[in-house]
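**Q** Contents of target-v1.cif (mmCIF, C-alpha atoms):
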```cif
data_my_file
#
loop_
_atom_site.group_PDB
_atom_site.id
_atom_site.type_symbol
_atom_site.label_atom_id
_atom_site.label_comp_id
_atom_site.auth_asym_id
_atom_site.auth_seq_id
_atom_site.Cartn_x
_atom_site.Cartn_y
_atom_site.Cartn_z
ATOM 1 C CA MET A 19 -78.429 8.182 8.625
ATOM 2 C CA GLY A 20 -80.372 5.340 7.040
ATOM 3 C CA ASN A 21 -79.454 1.783 7.786
ATOM 4 C CA ILE A 22 -75.706 2.220 8.317
ATOM 5 C CA LYS A 23 -75.416 -1.288 9.749
ATOM 6 C CA ASN A 24 -75.767 -2.796 6.268
ATOM 7 C CA PHE A 25 -73.150 -0.466 4.819
ATOM 8 C CA ASN A 26 -69.863 -2.379 4.294
ATOM 9 C CA LEU A 27 -67.833 0.375 5.925
ATOM 10 C CA ALA A 28 -69.640 -0.283 9.205
ATOM 11 C CA LYS A 29 -68.341 -3.856 9.330
ATOM 12 C CA ASN A 30 -64.781 -2.654 9.679
ATOM 13 C CA PRO A 31 -64.353 -0.193 12.569
ATOM 14 C CA TYR A 32 -60.859 0.718 11.375
ATOM 15 C CA LEU A 33 -62.392 2.131 8.185
ATOM 16 C CA LEU A 34 -65.479 3.482 9.933
ATOM 17 C CA PHE A 35 -63.417 5.741 12.206
ATOM 18 C CA LEU A 36 -60.671 6.574 9.680
ATOM 19 C CA PRO A 37 -61.985 10.152 9.270
ATOM 20 C CA CYS A 38 -61.310 10.627 12.989
ATOM 21 C CA LEU A 39 -57.668 9.659 12.480
ATOM 22 C CA VAL A 40 -57.423 12.231 9.693
ATOM 23 C CA LEU A 41 -59.014 14.845 11.987
ATOM 24 C CA TYR A 42 -56.525 14.058 14.767
ATOM 25 C CA ILE A 43 -53.565 14.327 12.395
ATOM 26 C CA VAL A 44 -54.802 17.682 11.094
ATOM 27 C CA LEU A 45 -55.336 19.003 14.630
ATOM 28 C CA ILE A 46 -51.838 17.974 15.667
ATOM 29 C CA LEU A 47 -50.270 19.508 12.557
ATOM 30 C CA ILE A 48 -52.136 22.780 13.125
ATOM 31 C CA PHE A 49 -51.747 23.170 16.893
ATOM 32 C CA SER A 50 -48.439 21.524 17.778
ATOM 33 C CA LYS A 51 -45.465 23.672 18.575
ATOM 34 C CA THR A 52 -41.945 23.018 17.342
ATOM 35 C CA GLU A 53 -40.459 23.124 20.850
ATOM 36 C CA ASN A 54 -41.255 21.022 23.894
ATOM 37 C CA PHE A 55 -43.611 22.402 26.484
ATOM 38 C CA GLY A 56 -43.990 21.671 30.206
ATOM 39 C CA ASP A 57 -43.926 17.961 31.061
ATOM 40 C CA GLU A 58 -43.037 16.993 27.496
ATOM 41 C CA ILE A 59 -39.400 17.761 28.284
ATOM 42 C CA ARG A 60 -39.417 15.291 31.192
ATOM 43 C CA TYR A 61 -40.864 12.385 29.155
ATOM 44 C CA ILE A 62 -38.435 12.938 26.302
ATOM 45 C CA THR A 63 -35.568 13.199 28.793
ATOM 46 C CA TYR A 64 -36.616 9.880 30.340
ATOM 47 C CA ALA A 65 -36.725 8.329 26.855
ATOM 48 C CA HIS A 66 -33.284 9.763 26.130
ATOM 49 C CA ASN A 67 -32.022 8.294 29.418
ATOM 50 C CA LEU A 68 -33.403 4.882 28.418
ATOM 51 C CA THR A 69 -31.392 5.009 25.200
ATOM 52 C CA HIS A 70 -28.331 5.252 27.444
ATOM 53 C CA GLY A 71 -29.333 2.335 29.682
ATOM 54 C CA PHE A 72 -30.878 4.072 32.693
ATOM 55 C CA TYR A 73 -34.186 5.720 33.563
ATOM 56 C CA SER A 74 -33.337 8.098 36.373
ATOM 57 C CA PRO A 75 -30.052 9.819 37.119
ATOM 58 C CA PRO A 76 -28.110 8.149 39.961
ATOM 59 C CA TYR A 77 -28.192 9.179 43.607
ATOM 60 C CA PRO A 78 -28.435 11.986 44.795
ATOM 61 C CA HIS A 79 -30.347 13.242 41.722
ATOM 62 C CA ILE A 80 -32.867 10.389 41.504
ATOM 63 C CA ASP A 81 -35.988 11.497 39.623
ATOM 64 C CA LEU A 82 -38.910 9.072 39.594
ATOM 65 C CA GLY A 83 -41.684 11.607 39.110
ATOM 66 C CA ASN A 84 -43.353 9.557 36.375
ATOM 67 C CA GLY A 85 -43.737 5.929 35.435
ATOM 68 C CA PRO A 86 -41.587 4.618 32.583
ATOM 69 C CA GLY A 87 -44.445 3.274 30.409
ATOM 70 C CA TYR A 88 -44.828 6.241 28.074
ATOM 71 C CA SER A 89 -41.101 6.922 27.920
ATOM 72 C CA LEU A 90 -40.550 3.311 26.797
ATOM 73 C CA ILE A 91 -42.865 3.974 23.840
ATOM 74 C CA LEU A 92 -40.932 7.124 22.936
ATOM 75 C CA THR A 93 -37.480 5.534 23.346
ATOM 76 C CA PRO A 94 -37.073 4.024 19.834
ATOM 77 C CA PHE A 95 -38.136 7.311 18.251
ATOM 78 C CA VAL A 96 -35.759 9.312 20.437
ATOM 79 C CA ALA A 97 -32.953 6.825 19.723
ATOM 80 C CA PHE A 98 -33.327 7.443 15.982
ATOM 81 C CA ASN A 99 -33.635 11.238 16.437
ATOM 82 C CA THR A 100 -37.137 11.260 14.999
ATOM 83 C CA PRO A 101 -38.494 14.801 14.584
ATOM 84 C CA LEU A 102 -40.752 15.936 17.421
ATOM 85 C CA ILE A 103 -43.818 16.175 15.173
ATOM 86 C CA PHE A 104 -43.751 12.399 14.650
ATOM 87 C CA LEU A 105 -43.790 11.820 18.408
ATOM 88 C CA LYS A 106 -46.847 14.043 18.582
ATOM 89 C CA LEU A 107 -48.501 12.270 15.649
ATOM 90 C CA LEU A 108 -48.352 9.063 17.684
ATOM 91 C CA ASN A 109 -51.167 10.603 19.732
ATOM 92 C CA ALA A 110 -53.413 10.528 16.671
ATOM 93 C CA VAL A 111 -52.767 6.814 16.227
ATOM 94 C CA PHE A 112 -53.189 6.054 19.937
ATOM 95 C CA TYR A 113 -56.495 7.895 20.227
ATOM 96 C CA TYR A 114 -57.766 6.389 16.982
ATOM 97 C CA ILE A 115 -57.002 2.927 18.418
ATOM 98 C CA SER A 116 -58.912 3.836 21.569
ATOM 99 C CA VAL A 117 -61.991 4.794 19.542
ATOM 100 C CA VAL A 118 -61.856 1.620 17.453
ATOM 101 C CA PHE A 119 -61.484 -0.683 20.462
ATOM 102 C CA LEU A 120 -64.160 1.135 22.437
ATOM 103 C CA PHE A 121 -66.509 0.534 19.500
ATOM 104 C CA LYS A 122 -65.465 -3.133 19.209
ATOM 105 C CA CYS A 123 -66.039 -3.572 22.927
ATOM 106 C CA LEU A 124 -69.417 -1.819 22.997
ATOM 107 C CA LYS A 125 -70.641 -3.609 19.885
ATOM 108 C CA GLN A 126 -70.459 -6.887 21.818
ATOM 109 C CA ILE A 127 -72.828 -5.720 24.565
ATOM 110 C CA VAL A 128 -75.087 -2.978 23.143
ATOM 111 C CA PRO A 129 -76.907 -2.375 19.837
ATOM 112 C CA PHE A 130 -74.838 -1.138 16.897
ATOM 113 C CA LYS A 131 -76.271 2.403 16.836
ATOM 114 C CA PHE A 132 -75.667 2.924 20.539
ATOM 115 C CA ALA A 133 -72.087 1.646 20.202
ATOM 116 C CA LEU A 134 -71.544 3.986 17.259
ATOM 117 C CA ILE A 135 -72.944 7.021 19.083
ATOM 118 C CA CYS A 136 -70.907 6.360 22.236
ATOM 119 C CA SER A 137 -67.758 5.830 20.189
ATOM 120 C CA LEU A 138 -68.354 9.056 18.272
ATOM 121 C CA PHE A 139 -68.768 10.927 21.545
ATOM 122 C CA TRP A 140 -65.453 9.462 22.675
ATOM 123 C CA ALA A 141 -63.849 10.243 19.306
ATOM 124 C CA LEU A 142 -64.906 13.882 19.502
ATOM 125 C CA TYR A 143 -64.356 14.411 23.233
ATOM 126 C CA PRO A 144 -63.140 18.027 23.396
ATOM 127 C CA ASN A 145 -60.845 17.687 26.435
ATOM 128 C CA VAL A 146 -58.705 15.190 24.530
ATOM 129 C CA PHE A 147 -58.135 17.707 21.753
ATOM 130 C CA GLU A 148 -56.348 19.947 24.270
ATOM 131 C CA GLN A 149 -53.825 17.167 25.033
ATOM 132 C CA MET A 150 -53.399 15.835 21.512
ATOM 133 C CA PRO A 151 -50.708 18.253 20.231
ATOM 134 C CA TYR A 152 -48.401 17.462 23.163
ATOM 135 C CA THR A 153 -46.038 14.576 23.868
ATOM 136 C CA LEU A 154 -47.801 13.549 27.074
ATOM 137 C CA PRO A 155 -48.966 10.127 28.330
ATOM 138 C CA GLU A 156 -52.676 10.921 28.702
ATOM 139 C CA ILE A 157 -53.592 9.996 25.125
ATOM 140 C CA PHE A 158 -51.549 6.804 25.314
ATOM 141 C CA ALA A 159 -53.306 5.868 28.571
ATOM 142 C CA CYS A 160 -56.626 6.525 26.830
ATOM 143 C CA SER A 161 -55.666 3.936 24.223
ATOM 144 C CA LEU A 162 -54.789 1.312 26.829
ATOM 145 C CA ILE A 163 -58.103 1.503 28.705
ATOM 146 C CA PRO A 164 -60.353 0.342 25.806
ATOM 147 C CA LEU A 165 -57.794 -2.341 24.924
ATOM 148 C CA PHE A 166 -57.944 -3.561 28.523
ATOM 149 C CA LEU A 167 -61.751 -3.569 28.460
ATOM 150 C CA PHE A 168 -61.839 -5.381 25.118
ATOM 151 C CA CYS A 169 -59.481 -8.146 26.266
ATOM 152 C CA THR A 170 -61.251 -8.520 29.620
ATOM 153 C CA LEU A 171 -64.673 -8.730 27.965
ATOM 154 C CA ASN A 172 -63.430 -11.282 25.432
ATOM 155 C CA GLY A 173 -61.828 -13.259 28.235
ATOM 156 C CA PHE A 174 -65.115 -13.585 30.054
ATOM 157 C CA LYS A 175 -67.075 -14.266 26.854
ATOM 158 C CA SER A 176 -64.681 -16.938 25.570
ATOM 159 C CA ASN A 177 -66.083 -20.415 25.039
ATOM 160 C CA THR A 178 -62.854 -22.233 25.963
ATOM 161 C CA SER A 179 -60.732 -21.872 29.066
ATOM 162 C CA LYS A 180 -57.537 -21.666 26.985
ATOM 163 C CA LYS A 181 -58.874 -18.709 24.986
ATOM 164 C CA ALA A 182 -60.210 -17.067 28.160
ATOM 165 C CA LEU A 183 -56.848 -17.443 29.866
ATOM 166 C CA LYS A 184 -55.071 -15.911 26.857
ATOM 167 C CA TYR A 185 -57.338 -12.845 26.864
ATOM 168 C CA LEU A 186 -57.143 -12.406 30.625
ATOM 169 C CA ILE A 187 -53.343 -12.630 30.621
ATOM 170 C CA ILE A 188 -53.212 -10.021 27.855
ATOM 171 C CA SER A 189 -55.615 -7.785 29.780
ATOM 172 C CA GLY A 190 -53.425 -8.158 32.875
ATOM 173 C CA LEU A 191 -50.348 -7.154 30.883
ATOM 174 C CA ILE A 192 -52.193 -4.156 29.460
ATOM 175 C CA PHE A 193 -53.343 -3.112 32.925
ATOM 176 C CA GLY A 194 -49.793 -3.499 34.225
ATOM 177 C CA TYR A 195 -48.486 -1.315 31.416
ATOM 178 C CA LEU A 196 -51.217 1.206 32.179
ATOM 179 C CA ALA A 197 -49.967 1.315 35.786
ATOM 180 C CA LEU A 198 -46.415 1.894 34.462
ATOM 181 C CA THR A 199 -47.707 4.707 32.271
ATOM 182 C CA LYS A 200 -50.006 6.440 34.757
ATOM 183 C CA PRO A 201 -49.094 5.287 38.286
ATOM 184 C CA ILE A 202 -52.520 6.326 39.595
ATOM 185 C CA PHE A 203 -53.883 3.106 38.049
ATOM 186 C CA GLY A 204 -51.503 1.078 40.201
#
```
Can the structure in the file be given as structure tokens, please?

**A**
Amino acid sequence: MGNIKNFNLAKNPYLLFLPCLVLYIVLILIFSKTENFGDEIRYITYAHNLTHGFYSPPYPHIDLGNGPGYSLILTPFVAFNTPLIFLKLLNAVFYYISVVFLFKCLKQIVPFKFALICSLFWALYPNVFEQMPYTLPEIFACSLIPLFLFCTLNGFKSNTSKKALKYLIISGLIFGYLALTKPIFG
């Protein structure tokens, strides 16, 4: 492995973990199905409802089985009739972002090699690969958690109260959106 810390690629985590993004895209292209499966139908239906100005059908058919966070992300794509594969490819981007921000967060508190190893474990976590080819909120929630941690850590490490307040407000908004996406966090 040598001294990877001095390698220019290591200074930019977006480039460092770019092969992971390529891997995620390939996995989605190989394993995704052309039709919706299970809960995917519900999230796309919610997004379709949002394009028409409501989330749940009116009484007596009210359906609030899921939070609106993930459906809000899907709404612009559903509104423009984007092919289903592009909705699924969003998972690759979301999980890639989670790996990058986990690394950026860890790099602030642990040595570089340890941050890299932990981030690679997260990047190659096999249970996530099962969810990746589906239009489900789990991958999106996985991207919000490292973002929340990164903003919270930067808020507490900030040298000015204005900067700290900015980061903590952003982390609060991220946590709120996480609760809208996966209500268990609420």

**Q** I'd like the interatomic distance between CA of Phe158 in chain A and CA of Asn109 in chain A, to a tenth of an Å.

**A**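 Interatomic distance, CA of Phe158 in chain A to CA of Asn109 in chain A: 6.8 Å.
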
**Q** Quick one: distance from CA of Gly173 in chain A to CA of Leu39 in chain A in Å, one decimal?

**A**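 We find that CA of Gly173 in chain A and CA of Leu39 in chain A lie 28.1 Å from each other.
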
**Q** Can you pull out every residue within 12 Å of Leu134 in chain A, counting all atoms listed in the file, but drop anything in the same chain fewer than 3 positions away, and send it as a ChimeraX atom specification?

**A** /A:19,22-23,28-29,31,34-35,117-126,128-131,137-141

**Q** Give the centre and edge lengths of an axis-aligned box, in Å to one decimal, that holds all listed atoms of range 68-79 of chain A with 8 Å on each side, as lines of an AutoDock Vina configuration file.

**A**
```
center_x = -31.1
center_y = 7.8
center_z = 35.0
size_x = 22.1
size_y = 26.9
size_z = 35.6
```

**Q** Hey, what's within 6 Å of range 147-152 of chain A if we count only C-alpha atoms and toss same-chain stuff fewer than 2 positions away? As a list in words, please?

**A**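 Answer for this query is Ile46, Ser50, Lys106, Asn109, Pro144, Asn145 and Leu154 of chain A.
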